[in-house]
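Below is query_25.pdb, which holds PDB, C-alpha atoms.
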ATOM      1  CA  MET X 251      94.257 -20.847  17.254
ATOM      2  CA  GLU X 252      95.146 -24.349  16.100
ATOM      3  CA  ASN X 253      98.551 -25.155  14.605
ATOM      4  CA  TYR X 254      98.605 -27.667  11.774
ATOM      5  CA  LYS X 255     101.306 -30.038  10.541
ATOM      6  CA  ILE X 256     102.514 -31.131   7.130
ATOM      7  CA  GLY X 257     100.119 -33.700   5.689
ATOM      8  CA  ASP X 258      97.017 -32.397   7.462
ATOM      9  CA  VAL X 259      93.939 -32.044   5.255
ATOM     10  CA  VAL X 260      92.345 -28.672   5.955
ATOM     11  CA  VAL X 261      89.222 -26.848   4.764
ATOM     12  CA  TRP X 262      88.260 -23.184   4.443
ATOM     13  CA  ASP X 263      85.407 -21.059   3.120
ATOM     14  CA  CYS X 264      85.617 -18.945  -0.036
ATOM     15  CA  ALA X 265      83.232 -17.405  -2.573
ATOM     16  CA  VAL X 266      82.619 -20.745  -4.322
ATOM     17  CA  GLY X 267      81.992 -22.698  -1.134
ATOM     18  CA  THR X 268      84.095 -24.913   1.138
ATOM     19  CA  VAL X 269      87.506 -25.829  -0.318
ATOM     20  CA  LYS X 270      90.019 -28.366   0.960
ATOM     21  CA  GLY X 271      93.660 -29.208   0.452
ATOM     22  CA  LYS X 272      96.717 -30.852   2.000
ATOM     23  CA  ILE X 273      99.410 -28.892   3.849
ATOM     24  CA  LYS X 274     102.789 -29.162   2.111
ATOM     25  CA  ASP X 275     104.843 -26.731   4.218
ATOM     26  CA  CYS X 276     104.491 -24.279   7.115
ATOM     27  CA  PHE X 277     106.088 -20.908   7.929
ATOM     28  CA  ASN X 278     106.293 -18.797  11.096
ATOM     29  CA  THR X 279     107.996 -15.709   9.632
ATOM     30  CA  GLY X 280     108.095 -13.705   6.396
ATOM     31  CA  LEU X 281     105.991 -14.561   3.354
ATOM     32  CA  ILE X 282     104.955 -17.934   1.956
ATOM     33  CA  PRO X 283     107.318 -18.598  -1.003
ATOM     34  CA  GLY X 284     106.341 -19.954  -4.406
ATOM     35  CA  ILE X 285     102.886 -18.375  -4.680
ATOM     36  CA  LYS X 286     101.604 -15.191  -6.335
ATOM     37  CA  THR X 287      99.460 -13.981  -3.421
ATOM     38  CA  GLU X 288     101.251 -12.302  -0.503
ATOM     39  CA  VAL X 289     100.534 -14.172   2.734
ATOM     40  CA  LYS X 290     102.299 -12.858   5.860
ATOM     41  CA  CYS X 291     103.344 -15.418   8.467
ATOM     42  CA  SER X 292     104.000 -15.148  12.207
ATOM     43  CA  LYS X 293     104.230 -17.389  15.260
ATOM     44  CA  GLN X 294     100.807 -16.107  16.311
ATOM     45  CA  ASN X 295      99.284 -16.800  12.874
ATOM     46  CA  PRO X 296     101.449 -19.240  10.878
ATOM     47  CA  GLY X 297     101.213 -19.532   7.119
ATOM     48  CA  TYR X 298     100.733 -22.781   5.224
ATOM     49  CA  LEU X 299     101.519 -23.829   1.669
ATOM     50  CA  ILE X 300      98.575 -25.964   0.613
ATOM     51  CA  GLU X 301      98.022 -28.231  -2.381
ATOM     52  CA  LEU X 302      94.412 -27.952  -3.522
ATOM     53  CA  SER X 303      92.528 -31.243  -3.709
ATOM     54  CA  ASP X 304      91.655 -32.415  -7.252
ATOM     55  CA  LYS X 305      93.457 -29.419  -8.824
ATOM     56  CA  ASN X 306      96.525 -31.096 -10.367
ATOM     57  CA  GLY X 307      99.124 -29.819  -7.941
ATOM     58  CA  ILE X 308      97.992 -26.175  -7.676
ATOM     59  CA  LEU X 309      99.505 -24.529  -4.578
ATOM     60  CA  ILE X 310      98.052 -21.659  -2.558
ATOM     61  CA  GLY X 311      98.876 -19.969   0.748
ATOM     62  CA  LYS X 312      96.615 -19.601   3.792
ATOM     63  CA  ASN X 313      96.999 -18.460   7.372
ATOM     64  CA  ALA X 314      96.052 -20.663  10.311
ATOM     65  CA  SER X 315      93.202 -18.291  11.175
ATOM     66  CA  ASP X 316      91.480 -19.194   7.865
ATOM     67  CA  LEU X 317      91.663 -22.974   8.278
ATOM     68  CA  HIS X 318      89.932 -25.891   9.957
ATOM     69  CA  LEU X 319      90.808 -29.576   9.966
ATOM     70  CA  GLU X 320      88.689 -31.708   7.677
ATOM     71  CA  ILE X 321      86.283 -33.862   9.638
ATOM     72  CA  SER X 322      86.009 -37.437   8.385
ATOM     73  CA  PRO X 323      83.414 -40.070   9.375
ATOM     74  CA  THR X 324      86.065 -41.582  11.687
ATOM     75  CA  THR X 325      86.527 -38.185  13.314
ATOM     76  CA  VAL X 326      82.759 -37.924  13.841
ATOM     77  CA  GLN X 327      82.784 -41.242  15.688
ATOM     78  CA  ASN X 328      85.710 -40.082  17.816
ATOM     79  CA  LEU X 329      83.900 -36.834  18.641
ATOM     80  CA  GLY X 330      80.788 -38.759  19.623
ATOM     81  CA  LEU X 331      78.574 -36.721  17.277
ATOM     82  CA  PRO X 332      75.065 -38.111  16.810
ATOM     83  CA  LYS X 333      74.053 -39.926  13.654
ATOM     84  CA  LEU X 334      70.736 -39.363  11.907
ATOM     85  CA  THR X 335      67.942 -41.745  12.837
ATOM     86  CA  GLU X 336      65.955 -43.508  10.121
ATOM     87  CA  LYS X 337      63.112 -41.046  10.668
ATOM     88  CA  GLN X 338      65.474 -38.071  10.328
ATOM     89  CA  ILE X 339      67.012 -39.505   7.152
ATOM     90  CA  LEU X 340      63.552 -39.865   5.594
ATOM     91  CA  LYS X 341      62.693 -36.307   6.649
ATOM     92  CA  LEU X 342      65.900 -34.906   5.136
ATOM     93  CA  ASN X 343      65.328 -36.797   1.876
ATOM     94  CA  GLN X 344      61.987 -34.984   1.452
ATOM     95  CA  PHE X 345      63.915 -31.783   0.746
ATOM     96  CA  ILE X 346      66.378 -33.265  -1.794
ATOM     97  CA  PRO X 347      65.537 -32.480  -5.473
ATOM     98  CA  THR X 348      64.100 -35.517  -7.253
ATOM     99  CA  SER X 349      66.963 -35.677  -9.770
ATOM    100  CA  PHE X 350      69.595 -35.868  -7.021
ATOM    101  CA  PRO X 351      70.708 -38.974  -5.093
ATOM    102  CA  ASN X 352      69.974 -38.992  -1.399
ATOM    103  CA  PRO X 353      72.943 -37.955   0.770
ATOM    104  CA  ASN X 354      75.037 -40.573   2.525
ATOM    105  CA  PRO X 355      74.062 -40.601   6.239
ATOM    106  CA  GLN X 356      77.712 -41.327   7.103
ATOM    107  CA  ASP X 357      78.591 -37.860   5.813
ATOM    108  CA  LEU X 358      76.067 -36.128   8.089
ATOM    109  CA  THR X 359      75.401 -35.356  11.713
ATOM    110  CA  VAL X 360      72.390 -33.857  13.459
ATOM    111  CA  LEU X 361      72.286 -31.237  16.234
ATOM    112  CA  ASP X 362      69.538 -29.547  18.256
ATOM    113  CA  PHE X 363      69.206 -25.810  18.912
ATOM    114  CA  VAL X 364      66.882 -23.742  21.065
ATOM    115  CA  VAL X 365      65.723 -21.158  18.520
ATOM    116  CA  ALA X 366      62.957 -19.279  20.354
ATOM    117  CA  ASP X 367      61.192 -18.932  23.684
ATOM    118  CA  ASN X 368      58.548 -16.722  25.319
ATOM    119  CA  LEU X 369      60.960 -14.527  27.308
ATOM    120  CA  VAL X 370      61.928 -10.921  26.535
ATOM    121  CA  ASN X 371      64.929 -10.616  24.224
ATOM    122  CA  ARG X 372      67.629  -7.952  24.007
ATOM    123  CA  GLY X 373      65.490  -6.013  21.513
ATOM    124  CA  ARG X 374      62.629  -5.759  24.040
ATOM    125  CA  SER X 375      60.230  -8.105  22.272
ATOM    126  CA  LYS X 376      58.812 -11.599  22.842
ATOM    127  CA  TRP X 377      56.678 -14.324  21.268
ATOM    128  CA  ARG X 378      53.339 -15.676  22.435
ATOM    129  CA  GLU X 379      52.933 -19.428  22.889
ATOM    130  CA  LYS X 380      50.497 -19.645  19.976
ATOM    131  CA  ASP X 381      53.097 -18.200  17.623
ATOM    132  CA  LEU X 382      55.816 -20.465  18.998
ATOM    133  CA  ILE X 383      53.560 -23.402  18.089
ATOM    134  CA  ILE X 384      53.266 -21.997  14.561
ATOM    135  CA  LEU X 385      57.054 -21.601  14.457
ATOM    136  CA  ALA X 386      57.596 -25.249  15.411
ATOM    137  CA  LYS X 387      55.233 -26.332  12.611
ATOM    138  CA  MET X 388      57.151 -24.167  10.118
ATOM    139  CA  LEU X 389      60.439 -25.737  11.185
ATOM    140  CA  ASN X 390      58.882 -29.161  10.623
ATOM    141  CA  THR X 391      57.713 -28.486   7.081
ATOM    142  CA  MET X 392      59.646 -25.674   5.363
ATOM    143  CA  GLY X 393      63.188 -27.077   5.186
ATOM    144  CA  ILE X 394      64.776 -23.706   5.995
ATOM    145  CA  PRO X 395      68.569 -23.358   5.732
ATOM    146  CA  HIS X 396      70.982 -22.979   8.616
ATOM    147  CA  THR X 397      73.443 -20.339   7.512
ATOM    148  CA  LEU X 398      76.142 -18.056   8.934
ATOM    149  CA  ASP X 399      75.604 -14.480  10.156
ATOM    150  CA  HIS X 400      72.239 -13.983   8.375
ATOM    151  CA  ASP X 401      74.126 -13.767   5.065
ATOM    152  CA  TRP X 402      71.443 -14.015   2.380
ATOM    153  CA  GLU X 403      73.779 -13.089  -0.469
ATOM    154  CA  THR X 404      76.417 -15.853  -0.251
ATOM    155  CA  LEU X 405      75.238 -19.385  -0.990
ATOM    156  CA  SER X 406      78.421 -20.897   0.470
ATOM    157  CA  LYS X 407      77.389 -19.585   3.904
ATOM    158  CA  THR X 408      74.580 -22.180   3.972
ATOM    159  CA  GLN X 409      75.759 -24.944   6.298
ATOM    160  CA  GLY X 410      72.802 -27.156   7.133
ATOM    161  CA  LEU X 411      69.077 -27.824   6.845
ATOM    162  CA  VAL X 412      66.418 -27.628   9.548
ATOM    163  CA  ILE X 413      64.505 -30.906   9.443
ATOM    164  CA  ALA X 414      62.289 -30.716  12.553
ATOM    165  CA  GLY X 415      60.797 -28.423  15.188
ATOM    166  CA  GLU X 416      59.444 -29.195  18.633
ATOM    167  CA  ILE X 417      57.729 -27.321  21.479
ATOM    168  CA  LEU X 418      58.883 -27.752  25.083
ATOM    169  CA  LYS X 419      56.945 -26.294  28.010
ATOM    170  CA  ASN X 420      57.945 -26.176  31.668
ATOM    171  CA  GLU X 421      56.625 -24.435  34.764
ATOM    172  CA  LYS X 422      59.956 -22.753  35.470
ATOM    173  CA  ALA X 423      62.858 -21.285  33.499
ATOM    174  CA  PRO X 424      66.576 -21.442  34.396
ATOM    175  CA  ASP X 425      67.720 -18.529  36.561
ATOM    176  CA  ASN X 426      70.376 -17.464  34.052
ATOM    177  CA  LEU X 427      67.729 -17.006  31.329
ATOM    178  CA  ILE X 428      65.290 -15.264  33.667
ATOM    179  CA  SER X 429      67.988 -12.694  34.517
ATOM    180  CA  ALA X 430      69.494 -12.343  31.024
ATOM    181  CA  ALA X 431      69.789  -8.910  29.396
ATOM    182  CA  GLY X 432      68.558  -7.195  32.587
ATOM    183  CA  ASN X 433      65.013  -8.537  32.179
ATOM    184  CA  LYS X 434      64.680 -10.495  35.447
ATOM    185  CA  LYS X 435      61.532  -8.741  36.664
ATOM    186  CA  LEU X 436      59.757  -8.933  33.296
ATOM    187  CA  ASN X 437      60.731 -12.542  32.642
ATOM    188  CA  SER X 438      59.737 -13.636  36.148
ATOM    189  CA  GLU X 439      56.273 -12.152  35.600
ATOM    190  CA  ILE X 440      55.989 -13.856  32.206
ATOM    191  CA  VAL X 441      56.968 -17.295  33.504
ATOM    192  CA  ASN X 442      54.612 -17.002  36.489
ATOM    193  CA  LYS X 443      51.773 -16.210  34.101
ATOM    194  CA  GLU X 444      52.588 -18.317  31.014
ATOM    195  CA  GLY X 445      55.159 -20.909  32.061
ATOM    196  CA  PHE X 446      58.386 -21.304  30.086
ATOM    197  CA  VAL X 447      57.949 -22.223  26.407
ATOM    198  CA  GLN X 448      60.823 -23.100  24.064
ATOM    199  CA  VAL X 449      61.113 -24.135  20.419
ATOM    200  CA  ILE X 450      63.788 -26.698  19.528
ATOM    201  CA  ALA X 451      65.050 -27.028  15.944
ATOM    202  CA  THR X 452      66.825 -30.155  14.716
ATOM    203  CA  VAL X 453      69.418 -29.393  12.033
ATOM    204  CA  ALA X 454      71.259 -31.797   9.718
ATOM    205  CA  PHE X 455      74.834 -30.775   8.858
ATOM    206  CA  PRO X 456      77.587 -32.156   6.641
ATOM    207  CA  ILE X 457      80.259 -33.428   9.004
ATOM    208  CA  ASP X 458      82.836 -31.053   7.503
ATOM    209  CA  SER X 459      80.712 -27.957   8.222
ATOM    210  CA  PRO X 460      82.641 -25.182  10.035
ATOM    211  CA  ILE X 461      79.675 -24.964  12.417
ATOM    212  CA  VAL X 462      80.198 -28.576  13.485
ATOM    213  CA  GLN X 463      83.911 -27.955  13.967
ATOM    214  CA  ARG X 464      83.355 -24.889  16.128
ATOM    215  CA  LEU X 465      80.645 -26.570  18.195
ATOM    216  CA  SER X 466      82.957 -29.525  18.827
ATOM    217  CA  MET X 467      85.221 -27.006  20.615
ATOM    218  CA  GLY X 468      82.323 -25.471  22.570
ATOM    219  CA  ILE X 469      82.274 -22.219  20.587
ATOM    220  CA  GLY X 470      79.784 -20.712  18.168
ATOM    221  CA  ARG X 471      76.709 -21.946  20.032
ATOM    222  CA  ALA X 472      74.467 -18.878  19.581
ATOM    223  CA  VAL X 473      71.755 -18.882  16.890
ATOM    224  CA  SER X 474      69.208 -16.425  15.550
ATOM    225  CA  LEU X 475      66.108 -16.692  13.357
ATOM    226  CA  GLY X 476      65.983 -14.482  10.277
ATOM    227  CA  GLY X 477      63.524 -13.524   7.582
ATOM    228  CA  PHE X 478      60.476 -13.985   9.796
ATOM    229  CA  ALA X 479      57.372 -11.822   9.461
ATOM    230  CA  PHE X 480      54.409 -11.257  11.765
ATOM    231  CA  GLU X 481      51.178  -9.300  11.581
ATOM    232  CA  ASP X 482      51.165  -6.942  14.549
ATOM    233  CA  TYR X 483      52.910  -5.382  17.538
ATOM    234  CA  VAL X 484      50.872  -6.018  20.695
ATOM    235  CA  CYS X 485      51.072  -3.995  23.905
ATOM    236  CA  PRO X 486      51.638  -6.260  26.938
ATOM    237  CA  ILE X 487      49.829  -3.794  29.212
ATOM    238  CA  CYS X 488      46.630  -3.334  27.172
ATOM    239  CA  GLU X 489      46.908  -6.717  25.391
ATOM    240  CA  THR X 490      45.816  -5.019  22.175
ATOM    241  CA  SER X 491      47.636  -3.671  19.136
ATOM    242  CA  PHE X 492      49.636  -0.504  19.722
ATOM    243  CA  THR X 493      47.676   0.957  16.792
ATOM    244  CA  TYR X 494      44.331   0.751  18.619
ATOM    245  CA  LYS X 495      43.177   4.153  19.860
ATOM    246  CA  ASN X 496      42.383   2.779  23.331
ATOM    247  CA  CYS X 497      46.062   1.863  23.842
ATOM    248  CA  PRO X 498      48.013   4.930  25.053
ATOM    249  CA  HIS X 499      51.402   3.195  25.088
ATOM    250  CA  TYR X 500      54.370   3.296  22.738
ATOM    251  CA  ILE X 501      56.524   0.524  21.299
ATOM    252  CA  PRO X 502      59.913   0.537  23.081
ATOM    253  CA  GLU X 503      61.799   1.289  19.849
ATOM    254  CA  GLY X 504      62.802   4.828  18.968
ATOM    255  CA  TRP X 505      60.377   6.471  21.395
ATOM    256  CA  ASP X 506      63.162   8.744  22.726
ATOM    257  CA  ALA X 507      63.820  10.032  19.212
ATOM    258  CA  TRP X 508      60.127  10.817  18.832
ATOM    259  CA  GLY X 509      60.076  12.843  22.060
ATOM    260  CA  GLU X 510      57.311  10.795  23.663
ATOM    261  CA  ASP X 511      56.578  10.617  27.396
ATOM    262  CA  PRO X 512      58.816   7.817  28.776
ATOM    263  CA  SER X 513      56.150   6.837  31.327
ATOM    264  CA  LEU X 514      53.942   5.698  28.428
ATOM    265  CA  VAL X 515      56.560   3.449  26.838
ATOM    266  CA  ALA X 516      55.683  -0.238  27.136
ATOM    267  CA  PRO X 517      58.342  -2.441  28.798
ATOM    268  CA  TYR X 518      58.417  -4.652  25.684
ATOM    269  CA  TYR X 519      56.253  -5.571  22.714
ATOM    270  CA  ILE X 520      54.685  -8.877  21.702
ATOM    271  CA  ARG X 521      55.173 -10.213  18.187
ATOM    272  CA  ASP X 522      51.777 -11.440  17.077
ATOM    273  CA  GLY X 523      50.643 -13.467  14.067
ATOM    274  CA  LEU X 524      53.770 -15.193  12.716
ATOM    275  CA  TYR X 525      53.298 -16.052   9.046
ATOM    276  CA  ASP X 526      56.719 -16.389   7.407
ATOM    277  CA  LEU X 527      60.242 -17.621   8.183
ATOM    278  CA  GLY X 528      63.468 -17.420   6.193
ATOM    279  CA  GLU X 529      66.450 -19.007   7.893
ATOM    280  CA  LEU X 530      68.320 -19.929  11.048
ATOM    281  CA  SER X 531      71.827 -18.540  11.509
ATOM    282  CA  SER X 532      74.817 -19.159  13.695
ATOM    283  CA  VAL X 533      75.843 -15.793  15.137
ATOM    284  CA  LEU X 534      78.374 -14.434  17.607
ATOM    285  CA  ILE X 535      75.742 -13.029  20.011
ATOM    286  CA  ALA X 536      72.045 -13.887  19.780
ATOM    287  CA  ASN X 537      69.275 -11.332  20.226
ATOM    288  CA  LEU X 538      67.512 -13.953  22.339
ATOM    289  CA  PRO X 539      69.816 -14.976  25.236
ATOM    290  CA  GLY X 540      68.403 -18.497  25.316
ATOM    291  CA  ALA X 541      68.893 -19.184  21.580
ATOM    292  CA  THR X 542      71.767 -21.646  21.573
ATOM    293  CA  ALA X 543      72.907 -25.146  20.767
ATOM    294  CA  VAL X 544      71.551 -27.740  23.187
ATOM    295  CA  VAL X 545      74.547 -28.679  25.340
ATOM    296  CA  GLY X 546      75.320 -31.016  28.207
ATOM    297  CA  ASN X 547      72.253 -32.898  29.388
ATOM    298  CA  GLY X 548      69.824 -30.762  27.385
ATOM    299  CA  VAL X 549      67.985 -27.455  27.664
TER     300      VAL X 549
END

As structure tokens, please, write out the structure in this file.
Amino acid sequence: MENYKIGDVVVWDCAVGTVKGKIKDCFNTGLIPGIKTEVKCSKQNPGYLIELSDKNGILIGKNASDLHLEISPTTVQNLGLPKLTEKQILKLNQFIPTSFPNPNPQDLTVLDFVVADNLVNRGRSKWREKDLIILAKMLNTMGIPHTLDHDWETLSKTQGLVIAGEILKNEKAPDNLISAAGNKKLNSEIVNKEGFVQVIATVAFPIDSPIVQRLSMGIGRAVSLGGFAFEDYVCPICETSFTYKNCPHYIPEGWDAWGEDPSLVAPYYIRDGLYDLGELSSVLIANLPGATAVVGNGV
């Protein structure tokens, strides 16, 4: 947990969005004085008296665990965060309402995430390549939000905008992804048959987004797609819908509760016929082990 000093400009999330202020005093014991709300302070989680920006001297109290340092354009340069290209700026501007001015590129950064692949996830399902191609096209055209924790109720959780999608295909997959979630045998068979297919999403963020701050520390890399819909569940053994009478197998979800014969349970199911997509979220643990921010030298 980061400790802050007097004069630092900090930001935090609340019901109305991201708020910022300047630290006026700090406390390691007791309660923060001079405010109505009770904020307990300790060496492990110090308390800070903060003057809200543009609020005529209003003071509030916050703990260190609630705060992040404000990121300025200078900080972005120091962190080495990428700037939007001309093409990316034009793409982002397509999603801005006509009555609004275009955002200042100096206030933005752009990051890439692996959002899907054709391996088996923790929920025992996978995508076909044809649907991953559809997904990449959706990411290119829909302008879906990048939010936090699949929270569809709180607008302030929206942190960025997906501006592009791309398909990558290789003959092999990294060993750590092949073996993830105990699916080494299944994933090895899939890659031998289909190759390794990934979808990369490019997301534009305000530089003061909490996601950017966490990623700059190497944390919060996992992502997850939400609000997607597809037409059918396909059996990987019969390569037909589980609903077809010539398929004797069961979807590997809830079969034990139904009392079915475990020998007839398919090892996974295939999502088939993607036709809708809602959002991309930063999450603590992704259902798909390979869904993460692109780090180091790439995917």

Subject >> Residue neighbourhood Trp262 of chain X, 8 Å, all atoms listed in the file, exclusion window fewer than 3 positions, as a ChimeraX atom specification >> reply: /X:268-270,316-318

**OP:** For the point (60.3, -16.2, 13.0) in the file's frame, write as an NGL selection string all residues with an atom no more than 6 Å away, counting all atoms listed in the file.
**Re:** :X and (475 or 478 or 527)

Output for the residues just chosen: C-alpha atoms as an mmCIF file, in the frame of the given file:
data_model
loop_
_atom_site.group_PDB
_atom_site.id
_atom_site.type_symbol
_atom_site.label_atom_id
_atom_site.label_comp_id
_atom_site.auth_asym_id
_atom_site.auth_seq_id
_atom_site.Cartn_x
_atom_site.Cartn_y
_atom_site.Cartn_z
ATOM 1 C CA LEU X 475 66.108 -16.692 13.357
ATOM 2 C CA PHE X 478 60.476 -13.985 9.796
ATOM 3 C CA LEU X 527 60.242 -17.621 8.183
#

Subject >> Spatial sel., origin (86.7, -31.3, 12.0), limit 6 Å, all atoms listed in the file, listed as a list in words >> reply: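 It turns out the residues near that spot are Leu319, Glu320, Ile321, Asp458 and Gln463 of chain X.
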
Output for the residues just chosen: C-alpha atoms as an mmCIF file, in the frame of the given file:
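New file result_17.cif:
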data_model
loop_
_atom_site.group_PDB
_atom_site.id
_atom_site.type_symbol
_atom_site.label_atom_id
_atom_site.label_comp_id
_atom_site.auth_asym_id
_atom_site.auth_seq_id
_atom_site.Cartn_x
_atom_site.Cartn_y
_atom_site.Cartn_z
ATOM 1 C CA LEU X 319 90.808 -29.576 9.966
ATOM 2 C CA GLU X 320 88.689 -31.708 7.677
ATOM 3 C CA ILE X 321 86.283 -33.862 9.638
ATOM 4 C CA ASP X 458 82.836 -31.053 7.503
ATOM 5 C CA GLN X 463 83.911 -27.955 13.967
#

Subject >> Nearest-residue call for Ala541 of chain X, choices X:Pro353, X:Gly477, X:Gly470, X:Gly307, using all atoms listed in the file >> reply: X:Gly470

**OP:** Could you give me, as number ranges by chain, the residues within 7 Å of Val412 of chain X, counting all atoms listed in the file and dropping anything in the same chain fewer than 4 positions from it?
**Re:** X: 389, 393-396, 451-454

Report as an mmCIF file with C-alpha atoms, in the frame of the given file all protein, DNA and RNA residues lying within 12 Å of segment 421-424 of chain X, evaluated on only C-alpha atoms, omitting residues in the same chain fewer than 3 positions from it.
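What ended up in selection27.cif:
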data_model
loop_
_atom_site.group_PDB
_atom_site.id
_atom_site.type_symbol
_atom_site.label_atom_id
_atom_site.label_comp_id
_atom_site.auth_asym_id
_atom_site.auth_seq_id
_atom_site.Cartn_x
_atom_site.Cartn_y
_atom_site.Cartn_z
ATOM 1 C CA ASP X 367 61.192 -18.932 23.684
ATOM 2 C CA ASN X 368 58.548 -16.722 25.319
ATOM 3 C CA LEU X 369 60.960 -14.527 27.308
ATOM 4 C CA LEU X 418 58.883 -27.752 25.083
ATOM 5 C CA LEU X 427 67.729 -17.006 31.329
ATOM 6 C CA ILE X 428 65.290 -15.264 33.667
ATOM 7 C CA SER X 429 67.988 -12.694 34.517
ATOM 8 C CA ALA X 430 69.494 -12.343 31.024
ATOM 9 C CA LYS X 434 64.680 -10.495 35.447
ATOM 10 C CA ASN X 437 60.731 -12.542 32.642
ATOM 11 C CA SER X 438 59.737 -13.636 36.148
ATOM 12 C CA GLU X 439 56.273 -12.152 35.600
ATOM 13 C CA ILE X 440 55.989 -13.856 32.206
ATOM 14 C CA VAL X 441 56.968 -17.295 33.504
ATOM 15 C CA ASN X 442 54.612 -17.002 36.489
ATOM 16 C CA LYS X 443 51.773 -16.210 34.101
ATOM 17 C CA GLU X 444 52.588 -18.317 31.014
ATOM 18 C CA GLY X 445 55.159 -20.909 32.061
ATOM 19 C CA PHE X 446 58.386 -21.304 30.086
ATOM 20 C CA VAL X 447 57.949 -22.223 26.407
ATOM 21 C CA GLN X 448 60.823 -23.100 24.064
ATOM 22 C CA PRO X 539 69.816 -14.976 25.236
ATOM 23 C CA GLY X 540 68.403 -18.497 25.316
ATOM 24 C CA VAL X 549 67.985 -27.455 27.664
#
